[in-house]
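Trainee: Sharing work20.cif here; it has mmCIF, N, CA and C atoms.
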data_data
loop_
_atom_site.label_atom_id
_atom_site.label_comp_id
_atom_site.auth_asym_id
_atom_site.auth_seq_id
_atom_site.Cartn_x
_atom_site.Cartn_y
_atom_site.Cartn_z
N MET A 696 248.36 149.33 -11.41
CA MET A 696 247.52 148.78 -10.36
C MET A 696 246.28 149.66 -10.24
N LYS A 697 245.15 149.03 -9.94
CA LYS A 697 243.90 149.77 -9.87
C LYS A 697 243.33 149.67 -8.46
N ALA A 698 242.83 150.79 -7.97
CA ALA A 698 242.11 150.83 -6.69
C ALA A 698 240.63 151.00 -6.98
N ARG A 699 239.83 150.12 -6.43
CA ARG A 699 238.38 150.21 -6.56
C ARG A 699 237.85 150.68 -5.20
N ILE A 700 237.23 151.86 -5.19
CA ILE A 700 236.79 152.50 -3.95
C ILE A 700 235.27 152.56 -3.95
N GLU A 701 234.66 152.00 -2.92
CA GLU A 701 233.21 152.05 -2.75
C GLU A 701 232.90 153.00 -1.60
N ILE A 702 232.03 153.97 -1.85
CA ILE A 702 231.67 154.96 -0.85
C ILE A 702 230.17 154.90 -0.62
N THR A 703 229.76 154.75 0.63
CA THR A 703 228.34 154.71 0.97
C THR A 703 228.10 155.56 2.21
N LEU A 704 226.84 155.94 2.40
CA LEU A 704 226.48 156.69 3.60
C LEU A 704 226.58 155.79 4.82
N LYS A 705 226.98 156.36 5.93
CA LYS A 705 227.04 155.60 7.17
C LYS A 705 225.63 155.21 7.61
N THR A 706 225.55 154.15 8.39
CA THR A 706 224.28 153.71 8.95
C THR A 706 223.69 154.84 9.78
N GLY A 707 222.41 155.09 9.60
CA GLY A 707 221.73 156.14 10.35
C GLY A 707 221.65 157.47 9.63
N VAL A 708 222.43 157.63 8.56
CA VAL A 708 222.36 158.86 7.78
C VAL A 708 221.26 158.69 6.74
N LEU A 709 220.35 159.65 6.68
CA LEU A 709 219.25 159.57 5.71
C LEU A 709 219.79 159.56 4.29
N ASP A 710 219.16 158.74 3.44
CA ASP A 710 219.58 158.59 2.05
C ASP A 710 218.41 158.94 1.13
N PRO A 711 218.20 160.23 0.82
CA PRO A 711 217.06 160.60 0.00
C PRO A 711 217.11 160.01 -1.41
N GLN A 712 218.29 159.84 -1.99
CA GLN A 712 218.38 159.23 -3.32
C GLN A 712 217.97 157.76 -3.26
N GLY A 713 218.41 157.06 -2.22
CA GLY A 713 218.01 155.67 -2.04
C GLY A 713 216.51 155.54 -1.89
N GLU A 714 215.90 156.45 -1.14
CA GLU A 714 214.45 156.42 -0.95
C GLU A 714 213.72 156.71 -2.26
N ALA A 715 214.24 157.63 -3.06
CA ALA A 715 213.63 157.93 -4.37
C ALA A 715 213.71 156.70 -5.28
N ILE A 716 214.82 156.00 -5.24
CA ILE A 716 214.96 154.78 -6.03
C ILE A 716 213.97 153.72 -5.56
N ARG A 717 213.83 153.57 -4.24
CA ARG A 717 212.90 152.59 -3.68
C ARG A 717 211.47 152.88 -4.14
N ARG A 718 211.07 154.16 -4.08
CA ARG A 718 209.72 154.53 -4.52
C ARG A 718 209.53 154.28 -6.01
N ALA A 719 210.56 154.58 -6.80
CA ALA A 719 210.47 154.34 -8.25
C ALA A 719 210.34 152.85 -8.55
N LEU A 720 211.09 152.03 -7.84
CA LEU A 720 210.99 150.58 -8.04
C LEU A 720 209.58 150.09 -7.68
N ASP A 721 209.05 150.63 -6.59
CA ASP A 721 207.69 150.27 -6.18
C ASP A 721 206.69 150.68 -7.27
N GLY A 722 206.88 151.86 -7.81
CA GLY A 722 206.00 152.34 -8.87
C GLY A 722 206.08 151.52 -10.15
N LEU A 723 207.22 150.86 -10.35
CA LEU A 723 207.40 150.01 -11.52
C LEU A 723 206.92 148.58 -11.28
N GLY A 724 206.38 148.34 -10.08
CA GLY A 724 205.82 147.03 -9.79
C GLY A 724 206.75 146.07 -9.08
N PHE A 725 207.92 146.51 -8.66
CA PHE A 725 208.83 145.66 -7.92
C PHE A 725 208.43 145.68 -6.45
N GLU A 726 207.68 144.67 -6.04
CA GLU A 726 207.18 144.61 -4.67
C GLU A 726 208.22 143.98 -3.75
N GLY A 727 208.13 144.32 -2.49
CA GLY A 727 208.98 143.71 -1.48
C GLY A 727 210.34 144.35 -1.31
N VAL A 728 210.58 145.49 -1.94
CA VAL A 728 211.85 146.19 -1.74
C VAL A 728 211.71 147.02 -0.47
N GLY A 729 212.40 146.61 0.59
CA GLY A 729 212.25 147.26 1.88
C GLY A 729 213.07 148.53 2.04
N GLY A 730 214.21 148.58 1.37
CA GLY A 730 215.07 149.75 1.51
C GLY A 730 216.16 149.73 0.45
N VAL A 731 216.61 150.90 0.08
CA VAL A 731 217.68 151.04 -0.91
C VAL A 731 218.68 152.05 -0.37
N ARG A 732 219.96 151.71 -0.45
CA ARG A 732 221.04 152.64 -0.12
C ARG A 732 221.83 152.87 -1.40
N GLN A 733 222.08 154.11 -1.72
CA GLN A 733 222.78 154.49 -2.94
C GLN A 733 224.20 154.89 -2.56
N GLY A 734 225.16 154.61 -3.44
CA GLY A 734 226.54 154.97 -3.16
C GLY A 734 227.30 155.30 -4.43
N LYS A 735 228.64 155.34 -4.30
CA LYS A 735 229.51 155.67 -5.43
C LYS A 735 230.57 154.59 -5.56
N LEU A 736 230.96 154.31 -6.79
CA LEU A 736 232.09 153.43 -7.07
C LEU A 736 233.08 154.24 -7.89
N ILE A 737 234.30 154.33 -7.38
CA ILE A 737 235.35 155.09 -8.07
C ILE A 737 236.52 154.14 -8.32
N GLU A 738 237.00 154.10 -9.56
CA GLU A 738 238.17 153.31 -9.89
C GLU A 738 239.31 154.26 -10.25
N VAL A 739 240.46 154.05 -9.61
CA VAL A 739 241.62 154.91 -9.80
C VAL A 739 242.79 154.06 -10.27
N GLU A 740 243.37 154.42 -11.41
CA GLU A 740 244.59 153.76 -11.90
C GLU A 740 245.79 154.37 -11.18
N LEU A 741 246.60 153.52 -10.59
CA LEU A 741 247.77 153.97 -9.85
C LEU A 741 249.04 153.39 -10.48
N SER A 742 250.10 154.17 -10.49
CA SER A 742 251.38 153.67 -11.01
C SER A 742 252.12 152.84 -9.97
N GLU A 743 251.65 152.86 -8.75
CA GLU A 743 252.26 152.11 -7.65
C GLU A 743 252.26 150.61 -7.95
N THR A 744 253.35 149.91 -7.62
CA THR A 744 253.43 148.47 -7.85
C THR A 744 253.29 147.67 -6.55
N ASP A 745 253.42 148.32 -5.42
CA ASP A 745 253.28 147.64 -4.12
C ASP A 745 251.83 147.76 -3.66
N PRO A 746 251.13 146.64 -3.46
CA PRO A 746 249.72 146.70 -3.07
C PRO A 746 249.47 147.46 -1.77
N ALA A 747 250.34 147.32 -0.79
CA ALA A 747 250.16 148.02 0.49
C ALA A 747 250.28 149.53 0.29
N ALA A 748 251.24 149.96 -0.51
CA ALA A 748 251.42 151.39 -0.77
C ALA A 748 250.25 151.92 -1.60
N ALA A 749 249.75 151.12 -2.53
CA ALA A 749 248.60 151.53 -3.34
C ALA A 749 247.37 151.71 -2.46
N ARG A 750 247.15 150.77 -1.53
CA ARG A 750 246.02 150.88 -0.60
C ARG A 750 246.15 152.15 0.24
N GLN A 751 247.34 152.39 0.76
CA GLN A 751 247.56 153.57 1.58
C GLN A 751 247.28 154.86 0.79
N ALA A 752 247.73 154.91 -0.45
CA ALA A 752 247.49 156.10 -1.28
C ALA A 752 245.99 156.28 -1.53
N ALA A 753 245.29 155.19 -1.83
CA ALA A 753 243.85 155.28 -2.08
C ALA A 753 243.10 155.73 -0.82
N GLU A 754 243.50 155.23 0.33
CA GLU A 754 242.86 155.64 1.58
C GLU A 754 243.10 157.11 1.86
N GLN A 755 244.30 157.60 1.56
CA GLN A 755 244.58 159.03 1.74
C GLN A 755 243.72 159.86 0.80
N MET A 756 243.50 159.39 -0.42
CA MET A 756 242.63 160.09 -1.37
C MET A 756 241.21 160.20 -0.81
N CYS A 757 240.76 159.11 -0.20
CA CYS A 757 239.41 159.11 0.39
C CYS A 757 239.33 160.10 1.54
N GLU A 758 240.31 160.08 2.41
CA GLU A 758 240.32 160.95 3.58
C GLU A 758 240.39 162.43 3.20
N LYS A 759 241.12 162.74 2.13
CA LYS A 759 241.34 164.14 1.76
C LYS A 759 240.32 164.69 0.75
N LEU A 760 239.73 163.82 -0.09
CA LEU A 760 238.89 164.35 -1.16
C LEU A 760 237.66 163.51 -1.48
N LEU A 761 237.83 162.23 -1.68
CA LEU A 761 236.78 161.42 -2.28
C LEU A 761 235.57 161.15 -1.38
N ALA A 762 235.79 161.04 -0.09
CA ALA A 762 234.69 160.72 0.84
C ALA A 762 234.54 161.82 1.88
N ASN A 763 233.30 162.09 2.24
CA ASN A 763 233.01 162.97 3.37
C ASN A 763 232.91 162.06 4.58
N THR A 764 234.02 161.92 5.31
CA THR A 764 234.10 160.92 6.37
C THR A 764 233.19 161.20 7.56
N VAL A 765 232.56 162.36 7.60
CA VAL A 765 231.60 162.65 8.65
C VAL A 765 230.34 161.83 8.44
N ILE A 766 229.91 161.69 7.18
CA ILE A 766 228.66 160.98 6.90
C ILE A 766 228.83 159.76 6.00
N GLU A 767 230.04 159.57 5.46
CA GLU A 767 230.25 158.45 4.53
C GLU A 767 231.34 157.53 5.05
N ARG A 768 231.23 156.27 4.64
CA ARG A 768 232.29 155.30 4.89
C ARG A 768 232.79 154.83 3.54
N TYR A 769 234.01 154.30 3.52
CA TYR A 769 234.57 153.84 2.26
C TYR A 769 235.30 152.52 2.47
N SER A 770 235.42 151.78 1.39
CA SER A 770 236.23 150.57 1.39
C SER A 770 237.09 150.61 0.14
N VAL A 771 238.31 150.08 0.27
CA VAL A 771 239.27 150.10 -0.82
C VAL A 771 239.63 148.66 -1.17
N GLU A 772 239.58 148.35 -2.46
CA GLU A 772 240.01 147.06 -2.96
C GLU A 772 241.09 147.33 -4.02
N ILE A 773 242.23 146.68 -3.87
CA ILE A 773 243.31 146.82 -4.84
C ILE A 773 243.22 145.62 -5.80
N VAL A 774 243.10 145.94 -7.08
CA VAL A 774 242.95 144.87 -8.08
C VAL A 774 244.03 144.98 -9.14
#
Please rewrite the model in this file as structure tokens.
Mentor:
Amino acid sequence: MKARIEITLKTGVLDPQGEAIRRALDGLGFEGVGGVRQGKLIEVELSETDPAAARQAAEQMCEKLLANTVIERYSVEIV
């Protein structure tokens, strides 16, 4: 079973990488880009066969290591 984890900065937290991407897109001629938020996608292979247990394990991974929950939020999809 695979857990797909998306991690992004919480609303209101400055995103300097997103702003750098926005400026680069503008410099390349892509007009009308109002804002860019940058994040991470992590895929974890799990030996767990129960989707609920797999989700719980992935969420614990986020809480303990993968996400800085002070400034980041995460979502878990079991596929």
Trainee: Please determine, counting all atoms listed in the file, which residue among A:Ala753, A:Lys735, A:Asn763, A:Pro746 has the shortest atom-to-atom distance to Glu701 in chain A.
Mentor: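 Smallest distance to Glu701 in chain A is found for A:Lys735.
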Trainee: As an exercise, work out the distance from atom N of Ile700 in chain A to atom N of Leu761 in chain A in Å and give it to one decimal place.
Mentor: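 So the answer is 11.0 Å.
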Trainee: Applying the PyMOL selection byres ((chain A and resi 713) around 6.5) to the file I just gave you, which residues come out? Please list them as a compact mmCIF listing (two decimals) with N, CA and C atoms, in the frame of the given file.
Mentor:
# COMPACT_ATOMS: atom_id res chain seq x y z
N ASP A 710 219.16 158.74 3.44
CA ASP A 710 219.58 158.59 2.05
C ASP A 710 218.41 158.94 1.13
N PRO A 711 218.20 160.23 0.82
CA PRO A 711 217.06 160.60 0.00
C PRO A 711 217.11 160.01 -1.41
N GLN A 712 218.29 159.84 -1.99
CA GLN A 712 218.38 159.23 -3.32
C GLN A 712 217.97 157.76 -3.26
N GLU A 714 215.90 156.45 -1.14
CA GLU A 714 214.45 156.42 -0.95
C GLU A 714 213.72 156.71 -2.26
N ALA A 715 214.24 157.63 -3.06
CA ALA A 715 213.63 157.93 -4.37
C ALA A 715 213.71 156.70 -5.28
N ILE A 716 214.82 156.00 -5.24
CA ILE A 716 214.96 154.78 -6.03
C ILE A 716 213.97 153.72 -5.56
N ARG A 717 213.83 153.57 -4.24
CA ARG A 717 212.90 152.59 -3.68
C ARG A 717 211.47 152.88 -4.14
N ARG A 718 211.07 154.16 -4.08
CA ARG A 718 209.72 154.53 -4.52
C ARG A 718 209.53 154.28 -6.01
N GLY A 730 214.21 148.58 1.37
CA GLY A 730 215.07 149.75 1.51
C GLY A 730 216.16 149.73 0.45
N VAL A 731 216.61 150.90 0.08
CA VAL A 731 217.68 151.04 -0.91
C VAL A 731 218.68 152.05 -0.37
N ARG A 732 219.96 151.71 -0.45
CA ARG A 732 221.04 152.64 -0.12
C ARG A 732 221.83 152.87 -1.40
N GLN A 733 222.08 154.11 -1.72
CA GLN A 733 222.78 154.49 -2.94
C GLN A 733 224.20 154.89 -2.56
Trainee: Identify all residues of chain A in helix (DSSP H, G or I) (DSSP on the backbone) and supply them as a list in words.
Mentor: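 Taking chain A and keeping helix (DSSP H, G or I) only, one gets Pro711, Gln712, Gly713, Glu714, Ala715, Ile716, Arg717, Arg718, Ala719, Leu720, Asp721, Gly722, Pro746, Ala747, Ala748, Ala749, Arg750, Gln751, Ala752, Ala753, Glu754, Gln755, Met756, Cys757, Glu758, Lys759, Leu760 and Leu761 of chain A.
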Trainee: Measuring atom to atom with only C-alpha atoms, identify which of A:Tyr769, A:Leu704, A:Gly722, A:Ser742 is nearest to Gln755 in chain A.
Mentor: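 Ranked by minimum distance to Gln755 in chain A, first place goes to A:Tyr769.
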Trainee: Give the padded box for range 732-735 of chain A as lines of an AutoDock Vina configuration file: axis-aligned, covering all atoms listed in the file, 3 Å on each side, centre and edge lengths in Å to one decimal.
Mentor:
center_x = 225.3
center_y = 153.7
center_z = -2.8
size_x = 16.6
size_y = 10.0
size_z = 11.4
Trainee: Going by DSSP on the backbone, which bits of chain A are strand (DSSP E or B)? Write them as a list in words, please.
Mentor: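 Matching residues for strand (DSSP E or B) in chain A are Lys697, Ala698, Arg699, Ile700, Glu701, Ile702, Thr703, Leu704, Gly734, Lys735, Leu736, Ile737, Glu738, Val739, Glu740, Glu767, Arg768, Tyr769, Ser770, Val771, Glu772 and Ile773 of chain A.
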Trainee: At what distance in Å, to one decimal, does CA of Leu709 in chain A lie from CA of Ala752 in chain A?
Mentor: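 Between CA of Ala752 in chain A and CA of Leu709 in chain A the gap is 29.3 Å.
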Trainee: Figure out the distance between CA of Lys705 in chain A and CA of Ile766 in chain A, please, to one decimal in Å.
Mentor: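 Going from CA of Ile766 in chain A over to CA of Lys705 in chain A, I get 5.6 Å.
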Trainee: As a ChimeraX atom specification, please: the residues near Ala698 in chain A (cut-off 6 Å, only C-alpha atoms, same-chain neighbours under 5 positions excluded).
Mentor: /A:738-739,772-773
Trainee: Between A:Glu726, A:Asp745, A:Asp721, A:Glu740, which is the closest to Arg699 in chain A once you count only N, CA and C atoms?
Mentor: A:Glu740
Trainee: Closest to Cys757 in chain A among A:Met696, A:Leu723, A:Ile702, A:Leu741, using only C-alpha atoms?
Mentor: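 Among the listed residues, A:Ile702 lies closest to Cys757 in chain A.
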Trainee: So, with all atoms listed in the file as the atoms that count, which of A:Ala748, A:Val774, A:Arg768, A:Phe725 lies closest to Thr706 in chain A?
Mentor: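 Using all atoms listed in the file, Thr706 in chain A sits closest to A:Arg768.
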